[in-house]
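Peer 1: To be precise about what I am sending: the file is called coords-v7.cif and holds mmCIF, C-alpha atoms and all ligand atoms.
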data_work
loop_
_atom_site.label_atom_id
_atom_site.label_comp_id
_atom_site.auth_asym_id
_atom_site.auth_seq_id
_atom_site.Cartn_x
_atom_site.Cartn_y
_atom_site.Cartn_z
CA MET H 126 15.41 -7.51 22.32
CA GLN H 127 13.85 -4.80 20.18
CA LYS H 128 10.32 -3.87 21.19
CA PRO H 129 7.67 -4.54 18.51
CA LEU H 130 6.74 -0.88 18.08
CA ALA H 131 10.26 0.56 18.51
CA ASN H 132 10.74 3.78 16.48
CA LYS H 133 7.03 3.89 15.56
CA GLN H 134 5.14 7.16 15.99
CA ILE H 135 1.48 6.69 16.71
CA LEU H 136 -1.16 9.38 16.87
CA LEU H 137 -4.04 8.30 19.08
CA GLY H 138 -7.25 10.18 18.30
CA VAL H 139 -9.74 10.10 21.16
CA THR H 140 -13.36 11.03 20.47
CA GLY H 141 -16.26 11.61 22.85
CA GLY H 142 -17.52 8.26 24.06
CA ILE H 143 -17.57 6.69 27.50
CA ALA H 144 -14.83 4.29 26.33
CA ALA H 145 -12.48 7.32 26.17
CA TYR H 146 -11.36 6.37 29.69
CA LYS H 147 -9.77 3.21 28.25
CA GLY H 148 -7.54 5.40 26.09
CA ALA H 149 -5.13 6.15 28.92
CA ASP H 150 -4.37 2.44 29.38
CA LEU H 151 -4.07 2.06 25.60
CA VAL H 152 -1.41 4.80 25.47
CA ARG H 153 0.47 3.05 28.28
CA ARG H 154 0.42 -0.27 26.43
CA LEU H 155 1.52 1.25 23.11
CA ARG H 156 4.42 2.95 24.86
CA GLU H 157 5.37 -0.27 26.63
CA ALA H 158 5.53 -1.86 23.15
CA GLY H 159 8.07 0.81 22.19
CA ALA H 160 5.96 3.43 20.36
CA GLU H 161 6.06 7.17 20.83
CA VAL H 162 2.47 8.35 21.25
CA GLN H 163 0.87 11.76 20.71
CA VAL H 164 -2.79 12.24 21.58
CA ALA H 165 -5.34 14.43 19.79
CA MET H 166 -8.75 14.77 21.46
CA THR H 167 -12.07 16.09 20.21
CA HIS H 168 -13.88 18.58 22.47
CA ALA H 169 -16.44 15.94 23.37
CA ALA H 170 -13.64 13.60 24.46
CA THR H 171 -12.31 16.21 26.91
CA THR H 172 -15.66 16.11 28.72
CA PHE H 173 -15.06 12.41 29.49
CA VAL H 174 -11.33 12.46 30.31
CA THR H 175 -9.09 15.48 30.88
CA PRO H 176 -6.19 16.19 28.50
CA LEU H 177 -3.95 16.18 31.59
CA THR H 178 -4.51 12.43 32.01
CA PHE H 179 -3.33 11.77 28.44
CA GLN H 180 -0.45 14.22 28.87
CA ALA H 181 0.74 12.28 31.90
CA VAL H 182 0.54 8.84 30.27
CA SER H 183 1.91 9.87 26.84
CA ASP H 184 4.58 12.22 28.22
CA ASN H 185 3.60 14.67 25.46
CA LEU H 186 1.35 17.73 25.32
CA VAL H 187 -2.16 16.79 24.23
CA HIS H 188 -3.61 18.41 21.08
CA THR H 189 -7.17 19.69 21.05
CA GLU H 190 -7.25 22.83 18.86
CA VAL H 191 -6.42 23.65 15.25
CA ASN H 192 -3.57 26.09 15.79
CA PRO H 193 -1.43 26.86 12.73
CA GLU H 194 1.01 28.73 15.02
CA ALA H 195 1.75 25.66 17.14
CA SER H 196 5.01 23.79 16.46
CA MET H 197 2.90 20.63 16.21
CA GLY H 198 0.06 22.02 14.05
CA HIS H 199 -2.33 19.71 12.20
CA ILE H 200 -0.08 19.31 9.14
CA ASN H 201 2.98 18.51 11.23
CA LEU H 202 1.03 16.02 13.31
CA ALA H 203 -0.29 14.38 10.14
CA ARG H 204 3.28 14.11 8.84
CA TRP H 205 4.69 13.00 12.18
CA ALA H 206 2.43 9.96 12.57
CA ASP H 207 3.42 6.59 11.09
CA PHE H 208 -0.06 5.42 11.99
CA ILE H 209 -3.30 7.02 13.22
CA LEU H 210 -5.50 5.09 15.61
CA ILE H 211 -8.92 6.54 16.46
CA ALA H 212 -10.09 4.90 19.68
CA PRO H 213 -12.81 5.17 20.68
CA ALA H 214 -14.45 6.39 17.47
CA THR H 215 -18.02 7.66 17.86
CA ALA H 216 -20.69 7.37 15.16
CA ASP H 217 -20.43 11.13 14.71
CA PHE H 218 -16.67 11.03 14.16
CA ILE H 219 -16.97 8.12 11.72
CA ALA H 220 -19.57 10.14 9.76
CA ARG H 221 -17.29 13.19 9.68
CA LEU H 222 -14.31 11.11 8.56
CA ALA H 223 -16.37 9.37 5.89
CA HIS H 224 -17.49 12.70 4.44
CA GLY H 225 -14.14 14.43 4.61
CA LEU H 226 -15.12 17.10 7.15
CA ALA H 227 -12.35 19.09 8.77
CA ASN H 228 -14.24 20.92 11.49
CA ASP H 229 -11.95 20.12 14.40
CA LEU H 230 -8.32 19.21 14.95
CA LEU H 231 -8.63 15.42 14.76
CA SER H 232 -10.73 15.35 11.57
CA THR H 233 -8.36 17.90 10.01
CA ILE H 234 -5.33 15.74 10.84
CA CYS H 235 -7.02 12.70 9.29
CA LEU H 236 -7.84 14.65 6.12
CA ALA H 237 -4.28 15.93 5.90
CA SER H 238 -2.76 12.48 6.36
CA ASP H 239 -1.89 9.87 3.78
CA ARG H 240 -0.81 7.37 6.44
CA CYS H 241 -2.67 4.27 7.47
CA ILE H 242 -5.68 5.05 9.70
CA ALA H 243 -7.56 2.55 11.87
CA VAL H 244 -10.92 3.39 13.39
CA VAL H 245 -12.12 1.60 16.53
CA PRO H 246 -15.89 2.08 16.83
CA ALA H 247 -17.51 2.27 20.25
CA MET H 248 -21.20 3.10 20.47
CA ASN H 249 -24.68 1.91 21.33
CA LEU H 250 -25.65 -1.19 19.32
CA ILE H 251 -28.57 0.48 17.50
CA MET H 252 -26.30 3.35 16.45
CA TRP H 253 -23.75 0.80 15.22
CA GLU H 254 -26.34 -1.17 13.26
CA ASN H 255 -27.90 1.97 11.76
CA ALA H 256 -27.56 1.94 7.97
CA ALA H 257 -25.96 5.41 8.08
CA THR H 258 -23.12 4.16 10.28
CA GLN H 259 -22.73 0.97 8.23
CA ASP H 260 -22.61 2.95 4.96
CA ASN H 261 -20.06 5.35 6.43
CA CYS H 262 -17.88 2.41 7.50
CA SER H 263 -18.10 0.96 3.97
CA LEU H 264 -16.94 4.29 2.54
CA LEU H 265 -13.97 4.23 4.90
CA THR H 266 -13.09 0.59 4.18
CA ASN H 267 -13.14 1.25 0.44
CA ARG H 268 -10.63 4.03 0.95
CA GLY H 269 -8.25 1.69 2.76
CA ILE H 270 -9.14 2.87 6.29
CA LYS H 271 -9.31 -0.05 8.70
CA ILE H 272 -12.34 -0.61 10.91
CA TRP H 273 -11.33 -2.61 13.96
CA GLY H 274 -14.29 -4.03 15.86
CA PRO H 275 -16.59 -3.32 17.47
CA GLY H 276 -16.68 -6.13 20.02
CA PHE H 277 -19.80 -7.80 21.35
CA GLY H 278 -20.91 -7.61 25.00
CA SER H 279 -22.57 -5.48 27.64
CA GLN H 280 -22.67 -1.76 26.96
CA ALA H 281 -22.59 1.37 29.12
CA CYS H 282 -26.24 2.02 28.09
CA GLY H 283 -27.26 -1.33 29.66
CA GLU H 284 -27.83 -3.18 26.38
CA ILE H 285 -25.99 -6.25 25.17
CA GLY H 286 -24.75 -6.48 21.59
CA ALA H 287 -22.22 -5.21 19.05
CA GLY H 288 -20.75 -1.79 19.79
CA ARG H 289 -18.13 -2.25 22.50
CA MET H 290 -14.66 -0.89 21.88
CA LEU H 291 -12.22 -3.76 21.29
CA GLU H 292 -10.10 -4.62 24.31
CA ASN H 293 -6.80 -2.74 24.58
CA SER H 294 -4.74 -5.96 24.45
CA LYS H 295 -6.40 -6.84 21.13
CA LEU H 296 -5.88 -3.30 19.80
CA CYS H 297 -2.20 -3.43 20.71
CA SER H 298 -1.71 -6.67 18.80
CA LEU H 299 -3.58 -5.26 15.79
CA VAL H 300 -1.31 -2.19 15.79
CA ILE H 301 1.79 -4.40 16.06
CA GLU H 302 0.52 -6.60 13.24
CA GLN H 303 -0.24 -3.55 11.12
CA LEU H 304 3.11 -1.87 11.66
CA SER H 305 5.23 -4.97 11.53
CA ALA H 306 5.77 -6.40 8.13
CA SER H 307 3.54 -9.44 7.99
CA PRO H 308 2.72 -10.17 4.34
CA GLY H 309 -0.91 -11.26 4.87
CA ASN H 310 -2.40 -14.50 3.66
CA LEU H 311 -2.24 -15.87 0.12
CA ASN H 312 -2.45 -19.51 1.14
CA GLY H 313 -3.25 -21.79 -1.77
CA LEU H 314 -3.15 -18.98 -4.37
CA LYS H 315 -0.99 -18.90 -7.47
CA VAL H 316 0.91 -15.70 -8.18
CA LEU H 317 2.77 -14.79 -11.38
CA LEU H 318 5.17 -11.84 -11.34
CA THR H 319 7.36 -10.04 -13.84
CA ALA H 320 10.49 -8.22 -12.65
CA GLY H 321 13.62 -6.42 -13.77
CA PRO H 322 14.34 -4.64 -17.03
CA THR H 323 14.21 -6.13 -20.51
CA HIS H 324 17.09 -6.05 -23.02
CA GLU H 325 16.08 -5.17 -26.56
CA ALA H 326 18.91 -6.29 -28.79
CA LEU H 327 20.20 -4.02 -31.57
CA ASP H 328 23.01 -6.30 -32.72
CA PRO H 329 24.91 -9.27 -31.19
CA VAL H 330 26.58 -7.05 -28.54
CA ARG H 331 24.29 -4.08 -27.94
CA PHE H 332 20.86 -3.59 -26.50
CA ILE H 333 18.42 -0.90 -25.29
CA SER H 334 17.41 -1.15 -21.64
CA ASN H 335 16.70 0.87 -18.49
CA GLN H 336 17.97 1.19 -14.92
CA SER H 337 15.65 -1.33 -13.26
CA THR H 338 17.54 -3.78 -11.02
CA GLY H 339 14.61 -6.07 -10.16
CA LYS H 340 14.96 -5.45 -6.39
CA MET H 341 11.35 -4.39 -5.89
CA GLY H 342 9.94 -7.28 -7.93
CA PHE H 343 12.12 -9.84 -6.16
CA ALA H 344 11.04 -8.43 -2.78
CA VAL H 345 7.37 -8.72 -3.79
CA ALA H 346 7.95 -12.30 -5.02
CA LYS H 347 9.61 -13.20 -1.71
CA ALA H 348 6.73 -11.69 0.26
CA ALA H 349 4.21 -13.64 -1.84
CA VAL H 350 6.03 -16.88 -0.93
CA GLU H 351 6.03 -15.87 2.76
CA ALA H 352 2.28 -15.26 2.47
CA GLY H 353 1.81 -18.87 1.38
CA ALA H 354 1.40 -18.43 -2.40
CA GLN H 355 2.77 -20.65 -5.14
CA VAL H 356 4.96 -18.19 -7.06
CA ILE H 357 6.34 -17.96 -10.61
CA LEU H 358 8.77 -15.14 -11.24
CA VAL H 359 9.56 -14.16 -14.83
CA SER H 360 12.54 -11.83 -14.77
CA GLY H 361 14.59 -9.87 -17.26
CA PRO H 362 18.39 -9.75 -16.85
CA VAL H 363 19.31 -8.97 -13.21
CA ILE H 364 22.14 -9.93 -10.88
CA LEU H 365 19.87 -10.98 -8.01
CA LYS H 366 19.45 -14.46 -6.59
CA PRO H 367 15.85 -15.64 -6.87
CA PRO H 368 14.09 -16.16 -3.53
CA PRO H 369 13.92 -19.82 -2.48
CA GLY H 370 10.70 -21.73 -3.10
CA ILE H 371 9.70 -20.13 -6.40
CA GLU H 372 9.69 -21.17 -10.04
CA TYR H 373 12.16 -18.82 -11.73
CA ILE H 374 12.11 -18.08 -15.45
CA LYS H 375 14.85 -15.92 -16.94
CA VAL H 376 14.10 -13.92 -20.08
CA GLU H 377 15.90 -11.24 -22.12
CA SER H 378 13.45 -9.22 -24.18
CA ALA H 379 9.89 -7.93 -23.80
CA VAL H 380 8.71 -10.46 -26.39
CA ASP H 381 10.35 -13.31 -24.41
CA MET H 382 8.67 -12.01 -21.26
CA TYR H 383 5.32 -11.78 -23.05
CA ASP H 384 5.62 -15.40 -24.25
CA ALA H 385 6.62 -16.67 -20.79
CA VAL H 386 3.71 -14.84 -19.10
CA MET H 387 1.07 -15.78 -21.67
CA ALA H 388 2.03 -19.44 -21.46
CA ARG H 389 1.28 -19.45 -17.71
CA VAL H 390 -1.24 -16.74 -16.93
CA HIS H 391 -4.33 -18.93 -17.34
CA TRP H 392 -3.17 -20.92 -14.37
CA VAL H 393 -2.81 -18.05 -11.87
CA ASP H 394 -5.02 -16.10 -9.45
CA ILE H 395 -2.89 -12.95 -9.21
CA PHE H 396 -0.60 -11.26 -11.75
CA ILE H 397 1.84 -8.61 -10.52
CA ALA H 398 3.78 -6.71 -13.19
CA THR H 399 6.76 -5.06 -11.55
CA ALA H 400 9.01 -5.31 -14.62
CA ALA H 401 10.22 -2.17 -16.34
CA VAL H 402 9.43 -3.54 -19.79
CA ALA H 403 10.98 -1.67 -22.72
CA ASP H 404 8.20 0.03 -24.66
CA TYR H 405 10.00 -0.37 -27.99
CA ARG H 406 12.43 -2.74 -29.70
CA ALA H 407 14.50 -2.36 -32.85
CA SER H 408 12.44 -3.07 -35.97
CA THR H 409 15.30 -5.17 -37.34
CA LEU H 410 18.00 -7.00 -35.47
CA SER H 411 21.39 -6.64 -37.12
CA GLN H 412 23.10 -10.03 -37.35
CA GLN H 413 26.51 -8.33 -37.24
CA LYS H 414 27.92 -5.62 -35.02
CA ILE H 415 26.72 -2.24 -36.32
CA LYS H 416 29.71 -0.16 -37.54
CA LYS H 417 30.17 3.54 -36.91
CA THR H 418 30.40 4.50 -40.57
CA HIS H 419 28.18 7.63 -40.47
CA GLU H 420 28.15 10.82 -38.38
CA LYS H 421 24.47 10.28 -37.57
CA MET H 422 22.41 7.18 -37.37
CA THR H 423 18.69 6.58 -36.96
CA LEU H 424 17.22 3.58 -35.23
CA GLU H 425 13.74 2.49 -36.17
CA LEU H 426 11.83 1.15 -33.20
CA VAL H 427 8.54 -0.71 -33.04
CA ARG H 428 6.16 -1.05 -30.08
CA ASN H 429 6.50 -4.03 -27.77
CA PRO H 430 3.39 -5.86 -26.60
CA ASP H 431 1.96 -4.45 -23.36
CA ILE H 432 2.02 -7.62 -21.25
CA LEU H 433 0.05 -6.22 -18.33
CA ALA H 434 -2.66 -4.63 -20.49
CA GLU H 435 -3.14 -7.90 -22.36
CA VAL H 436 -3.39 -9.93 -19.17
CA ALA H 437 -5.88 -7.48 -17.64
CA ALA H 438 -7.95 -7.62 -20.85
CA LEU H 439 -8.32 -11.40 -20.77
CA ARG H 440 -11.95 -12.34 -21.13
CA SER H 441 -11.82 -15.71 -19.48
CA HIS H 442 -9.88 -16.28 -16.29
CA LYS H 443 -8.56 -12.74 -15.86
CA PRO H 444 -6.31 -12.82 -12.77
CA PHE H 445 -6.34 -10.03 -10.16
CA SER H 446 -3.99 -7.70 -12.03
CA VAL H 447 -1.54 -5.35 -10.33
CA GLY H 448 0.65 -2.88 -12.21
CA PHE H 449 3.48 -0.58 -11.29
CA SER H 450 3.87 2.96 -12.50
CA ALA H 451 7.31 4.53 -12.39
CA GLU H 452 7.09 8.26 -13.02
CA THR H 453 9.36 11.27 -12.74
CA HIS H 454 6.44 13.73 -12.37
CA ASP H 455 2.63 13.94 -11.90
CA LEU H 456 2.88 10.55 -10.21
CA LEU H 457 -0.72 10.04 -9.11
CA HIS H 458 -2.24 11.51 -12.26
CA TYR H 459 -0.33 9.15 -14.58
CA ALA H 460 -0.78 6.15 -12.28
CA GLU H 461 -4.56 6.59 -12.04
CA ASP H 462 -4.79 7.10 -15.80
CA LYS H 463 -2.81 3.86 -16.33
CA ARG H 464 -4.95 1.97 -13.84
CA ARG H 465 -8.12 2.87 -15.72
CA ARG H 466 -6.71 2.53 -19.23
CA LYS H 467 -5.21 -0.90 -18.58
CA ASN H 468 -8.23 -2.09 -16.55
CA LEU H 469 -6.07 -2.88 -13.49
CA ASP H 470 -7.37 -3.99 -10.10
CA MET H 471 -4.54 -2.13 -8.41
CA ILE H 472 -1.53 0.03 -9.29
CA ALA H 473 1.53 0.89 -7.23
CA ALA H 474 3.09 4.19 -8.22
CA ASN H 475 6.63 5.18 -7.36
CA ARG H 476 8.82 8.12 -8.21
CA VAL H 477 11.94 7.48 -10.26
CA GLY H 478 14.78 9.75 -11.27
CA THR H 479 15.32 10.99 -7.70
CA THR H 480 17.97 9.73 -5.28
CA GLY H 481 17.03 7.54 -2.31
CA SER H 482 14.08 5.72 -3.88
CA GLY H 483 13.04 4.02 -7.11
CA PHE H 484 15.33 2.11 -9.48
CA GLY H 485 18.38 0.50 -7.88
CA SER H 486 17.84 1.94 -4.41
CA GLU H 487 17.32 -0.21 -1.29
CA GLN H 488 14.27 1.81 -0.32
CA ASN H 489 11.09 2.87 -2.00
CA GLU H 490 7.77 4.56 -1.35
CA LEU H 491 4.58 3.39 -3.05
CA HIS H 492 1.25 5.09 -3.60
CA VAL H 493 -1.15 2.19 -4.09
CA LEU H 494 -4.42 2.96 -5.90
CA TRP H 495 -7.50 0.86 -6.57
CA GLU H 496 -11.10 1.64 -7.57
CA GLY H 497 -12.39 3.94 -4.83
CA GLY H 498 -9.33 3.63 -2.59
CA ALA H 499 -5.70 4.53 -2.06
CA GLN H 500 -2.96 3.93 0.47
CA LEU H 501 0.51 5.34 0.85
CA LEU H 502 3.18 2.83 1.84
CA PRO H 503 5.78 5.27 3.18
CA LEU H 504 9.50 5.18 2.35
CA THR H 505 11.03 2.00 3.73
CA ASP H 506 13.25 -0.92 2.87
CA LYS H 507 12.04 -2.71 -0.30
CA VAL H 508 11.75 -6.04 1.54
CA LEU H 509 9.33 -4.57 4.11
CA LEU H 510 7.53 -2.67 1.39
CA GLY H 511 7.09 -5.90 -0.60
CA ARG H 512 5.38 -7.44 2.43
CA GLN H 513 3.13 -4.43 2.94
CA LEU H 514 2.13 -4.48 -0.72
CA ILE H 515 1.39 -8.21 -0.63
CA ARG H 516 -0.73 -7.69 2.48
CA LEU H 517 -2.75 -5.02 0.66
CA ILE H 518 -3.08 -7.27 -2.40
CA ALA H 519 -4.27 -10.13 -0.17
CA GLU H 520 -6.93 -7.81 1.35
CA ARG H 521 -8.16 -6.46 -2.00
CA TYR H 522 -8.10 -9.91 -3.62
CA GLN H 523 -10.85 -10.96 -1.19
CA PHE H 524 -13.09 -8.14 -2.53
CA PHE H 525 -12.19 -9.08 -6.13
CA LYS H 526 -13.13 -12.70 -5.57
CA THR H 527 -16.48 -11.93 -4.02
CA SER H 528 -17.47 -9.16 -6.50
O1 LIG Z 1 2.57 2.03 -19.50
P1 LIG Z 1 3.70 1.74 -18.56
O2 LIG Z 1 4.88 1.08 -19.21
O3 LIG Z 1 4.14 2.92 -17.74
O4 LIG Z 1 3.05 0.71 -17.52
C1 LIG Z 1 3.77 0.17 -16.46
C2 LIG Z 1 3.17 -1.13 -16.03
O5 LIG Z 1 2.88 -1.94 -17.17
C3 LIG Z 1 4.15 -1.96 -15.22
O6 LIG Z 1 3.39 -2.74 -14.33
C4 LIG Z 1 4.84 -2.81 -16.27
O7 LIG Z 1 5.37 -4.00 -15.72
C5 LIG Z 1 3.72 -3.09 -17.24
N1 LIG Z 1 4.14 -3.20 -18.64
C6 LIG Z 1 4.06 -4.43 -19.29
N2 LIG Z 1 4.41 -4.52 -20.62
C7 LIG Z 1 4.86 -3.44 -21.29
C8 LIG Z 1 4.96 -2.20 -20.65
C9 LIG Z 1 4.60 -2.12 -19.32
O8 LIG Z 1 3.66 -5.42 -18.68
N3 LIG Z 1 5.22 -3.55 -22.56
#
Could you write out this structure as structure tokens?
Ligand code: C5P
Peer 2:
Amino acid sequence: MQKPLANKQILLGVTGGIAAYKGADLVRRLREAGAEVQVAMTHAATTFVTPLTFQAVSDNLVHTEVNPEASMGHINLARWADFILIAPATADFIARLAHGLANDLLSTICLASDRCIAVVPAMNLIMWENAATQDNCSLLTNRGIKIWGPGFGSQACGEIGAGRMLENSKLCSLVIEQLSASPGNLNGLKVLLTAGPTHEALDPVRFISNQSTGKMGFAVAKAAVEAGAQVILVSGPVILKPPPGIEYIKVESAVDMYDAVMARVHWVDIFIATAAVADYRASTLSQQKIKKTHEKMTLELVRNPDILAEVAALRSHKPFSVGFSAETHDLLHYAEDKRRRKNLDMIAANRVGTTGSGFGSEQNELHVLWEGGAQLLPLTDKVLLGRQLIRLIAERYQFFKTS
């Protein structure tokens, strides 16, 4: 049987707290679950546990210095890791991470990484409760960095309260949950999605369209069902089978899609627009096949309604609105501009026009942006990516609901 963390590369960052000694056992457990582990230690951490201990348990050299000459320099380590776990994380390290400092190897790796980072606080309870630490943790959470713990119990300083590092068994299950593809929880919520391309007819046999196949949208719809949501999928022409357990509405054109969405959107909690909707349609539809009588011909096109922008502009009962942004260049710039302009709660940007990801491919990579936060969902199978995106949507929806 495949181990739960098989093929996963985890960077464990150890900072200078007494709980650093637990790190050796954590490395052992992560490796038993199938992960390859590299360890980066702050200087303070090396005063609690020697790098040699971590070298022995990880079977890899331990990293303590910024050394651009090293084969595993900070940039390579940042790229190598599928996931960065900082355990234990001191109040000082959390503050440095929150403010983007890069004054040692571990903070530099974190700044150079766009992977998922989880921070496991371990400190005295007064330090944990201090408003500075709490504010720093809020900054990190808003950026998509996970804060795991702390636990409650007796502390090395003799006090009893919140501040203990979570137990290694718990941390291992959190890592497995994070890196496996669980879609999160949307129990009881209603989700409406658009997917696929649209066909904008020119005459009875011709249309304008694009290369979207609907794979990403169908994967997201499937993940939403797995997460417990009631799902309606409105799709343009595709050759895919709809996932079981959803209401499936087939449409042809952008106007059809607009009508289908607007008739249902007041009923839903979350709207996810994955469709590659044609921006324009022919101003007139020829009732007969257009003949090639001239050397040149000009088509007059008119703008289609922007379905997503209209949904996100709803005054009453605006659902949590998620857009997609397919770009050939300046990906993040255009995606962020679209997120703001269309008043979106979240946008998932992906590159198109390259091989190996985007339209038609089995795999994709998404840069997910929201107000004050961002997360890269690295290149993977669209089904797994759909689950990761739904998990992120489920997390952000909680903030949306309470704000
Ligand atoms: O502006 P742009 O077309 O790049 O925006 C992409 C996002 O907007 C996607 O989420 C897409 O599904 C949605 N969209 C829409 N209606 C349109 C055009 C785009 O819902 N007419």
Peer 1: Applying 12 Å and all atoms listed in the file, which residues near Ser232 (chain H) remain after dropping the ones on its own chain fewer than 3 positions away? List them as a PDB file with C-alpha atoms, keeping the file's coordinate frame.
Peer 2:
ATOM      1  CA  GLY H 138      -7.250  10.180  18.300  1.00  0.00           C
ATOM      2  CA  VAL H 139      -9.740  10.100  21.160  1.00  0.00           C
ATOM      3  CA  THR H 140     -13.360  11.030  20.470  1.00  0.00           C
ATOM      4  CA  ALA H 165      -5.340  14.430  19.790  1.00  0.00           C
ATOM      5  CA  MET H 166      -8.750  14.770  21.460  1.00  0.00           C
ATOM      6  CA  THR H 167     -12.070  16.090  20.210  1.00  0.00           C
ATOM      7  CA  HIS H 168     -13.880  18.580  22.470  1.00  0.00           C
ATOM      8  CA  THR H 189      -7.170  19.690  21.050  1.00  0.00           C
ATOM      9  CA  GLU H 190      -7.250  22.830  18.860  1.00  0.00           C
ATOM     10  CA  VAL H 191      -6.420  23.650  15.250  1.00  0.00           C
ATOM     11  CA  HIS H 199      -2.330  19.710  12.200  1.00  0.00           C
ATOM     12  CA  ILE H 200      -0.080  19.310   9.140  1.00  0.00           C
ATOM     13  CA  LEU H 202       1.030  16.020  13.310  1.00  0.00           C
ATOM     14  CA  ALA H 203      -0.290  14.380  10.140  1.00  0.00           C
ATOM     15  CA  ILE H 209      -3.300   7.020  13.220  1.00  0.00           C
ATOM     16  CA  ILE H 211      -8.920   6.540  16.460  1.00  0.00           C
ATOM     17  CA  ALA H 214     -14.450   6.390  17.470  1.00  0.00           C
ATOM     18  CA  ASP H 217     -20.430  11.130  14.710  1.00  0.00           C
ATOM     19  CA  PHE H 218     -16.670  11.030  14.160  1.00  0.00           C
ATOM     20  CA  ILE H 219     -16.970   8.120  11.720  1.00  0.00           C
ATOM     21  CA  ALA H 220     -19.570  10.140   9.760  1.00  0.00           C
ATOM     22  CA  ARG H 221     -17.290  13.190   9.680  1.00  0.00           C
ATOM     23  CA  LEU H 222     -14.310  11.110   8.560  1.00  0.00           C
ATOM     24  CA  ALA H 223     -16.370   9.370   5.890  1.00  0.00           C
ATOM     25  CA  HIS H 224     -17.490  12.700   4.440  1.00  0.00           C
ATOM     26  CA  GLY H 225     -14.140  14.430   4.610  1.00  0.00           C
ATOM     27  CA  LEU H 226     -15.120  17.100   7.150  1.00  0.00           C
ATOM     28  CA  ALA H 227     -12.350  19.090   8.770  1.00  0.00           C
ATOM     29  CA  ASN H 228     -14.240  20.920  11.490  1.00  0.00           C
ATOM     30  CA  ASP H 229     -11.950  20.120  14.400  1.00  0.00           C
ATOM     31  CA  CYS H 235      -7.020  12.700   9.290  1.00  0.00           C
ATOM     32  CA  LEU H 236      -7.840  14.650   6.120  1.00  0.00           C
ATOM     33  CA  ALA H 237      -4.280  15.930   5.900  1.00  0.00           C
ATOM     34  CA  SER H 238      -2.760  12.480   6.360  1.00  0.00           C
ATOM     35  CA  ILE H 242      -5.680   5.050   9.700  1.00  0.00           C
TER      36      ILE H 242
END
Peer 1: Measuring between only C-alpha atoms, which one of H:Ala354, H:Met382, H:Cys262, H:Ala149 shows the shortest distance to Gln180 (chain H)?
Peer 2: H:Ala149
Peer 1: Please, which residues are within 12 Å of (-17.0, 15.8, 32.4) by the file's coordinates, counting all atoms listed in the file, and could they come as a ChimeraX atom specification?
Peer 2: /H:141-143,145-146,168-176
Peer 1: As a quick test: using all atoms listed in the file, which residues lie no more than 10 Å away from ligand LIG 1 (chain Z)? Give them as a count of residues only.
Peer 2: 51
Peer 1: Record the distance separating CA of Val376 (chain H) and CA of Gly361 (chain H), expressed in Å with one decimal.
Peer 2: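 Interatomic distance, CA of Val376 (chain H) to CA of Gly361 (chain H): 5.0 Å.
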Peer 1: Smallest atom-to-atom distance to Val345 (chain H): which of H:Gln523, H:Gln513, H:Gln500, H:Thr453, using all atoms listed in the file?
Peer 2: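 For Val345 (chain H), the nearest of the given residues is H:Gln513.
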Peer 1: Rounded to one decimal, what separation in Å do you get between CA of Trp273 (chain H) and CA of Ala212 (chain H)?
Peer 2: 9.5 Å
Peer 1: Using Å and a single decimal, report how far CA of Pro369 (chain H) sits from CA of Ala344 (chain H).
Peer 2: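 Pair CA of Ala344 (chain H) / CA of Pro369 (chain H) returns 11.8 Å.
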Peer 1: Check the smallest atom-to-atom distance from each of H:Glu425, H:Glu490, H:Glu254, H:Glu351 to Gly288 (chain H) using all atoms listed in the file, then report the winner.
Peer 2: H:Glu254
Peer 1: Give the answer as one residue: which of H:Leu304, H:Ala206, H:Ser298, H:Asn249 has the shortest atom-to-atom distance to Phe277 (chain H), using all atoms listed in the file?
Peer 2: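 Looking only at the distances to Phe277 (chain H), the closest residue turns out to be H:Asn249.
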Peer 1: Write out as a ChimeraX atom specification which residues come within 12 Å of Lys271 (chain H) when counting only C-alpha atoms, dropping same-chain ones fewer than 2 positions away.
Peer 2: /H:208-211,219,240-246,262-269,273-275,299-300,303,498,500,517,520
Peer 1: Extract region 261-265 of chain H from the preceding block and save N, CA, C and O atoms as a short mmCIF file (atom, residue, chain, number, x, y, z; two decimals), in the first residue's frame.
Peer 2:
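Final output, saved to result-v1.cif:
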data_model
loop_
_atom_site.label_atom_id
_atom_site.label_comp_id
_atom_site.auth_asym_id
_atom_site.auth_seq_id
_atom_site.Cartn_x
_atom_site.Cartn_y
_atom_site.Cartn_z
N ASN H 261 0.55 39.18 14.67
CA ASN H 261 1.44 38.56 13.67
C ASN H 261 0.81 37.30 13.09
O ASN H 261 0.89 37.04 11.90
N CYS H 262 0.16 36.51 13.95
CA CYS H 262 -0.49 35.28 13.47
C CYS H 262 -1.63 35.63 12.51
O CYS H 262 -1.83 34.95 11.51
N SER H 263 -2.37 36.72 12.81
CA SER H 263 -3.46 37.12 11.90
C SER H 263 -2.90 37.50 10.55
O SER H 263 -3.47 37.16 9.51
N LEU H 264 -1.76 38.23 10.56
CA LEU H 264 -1.14 38.60 9.27
C LEU H 264 -0.82 37.34 8.47
O LEU H 264 -1.09 37.26 7.27
N LEU H 265 -0.26 36.34 9.16
CA LEU H 265 0.12 35.11 8.47
C LEU H 265 -1.11 34.37 7.95
O LEU H 265 -1.14 33.91 6.80
#
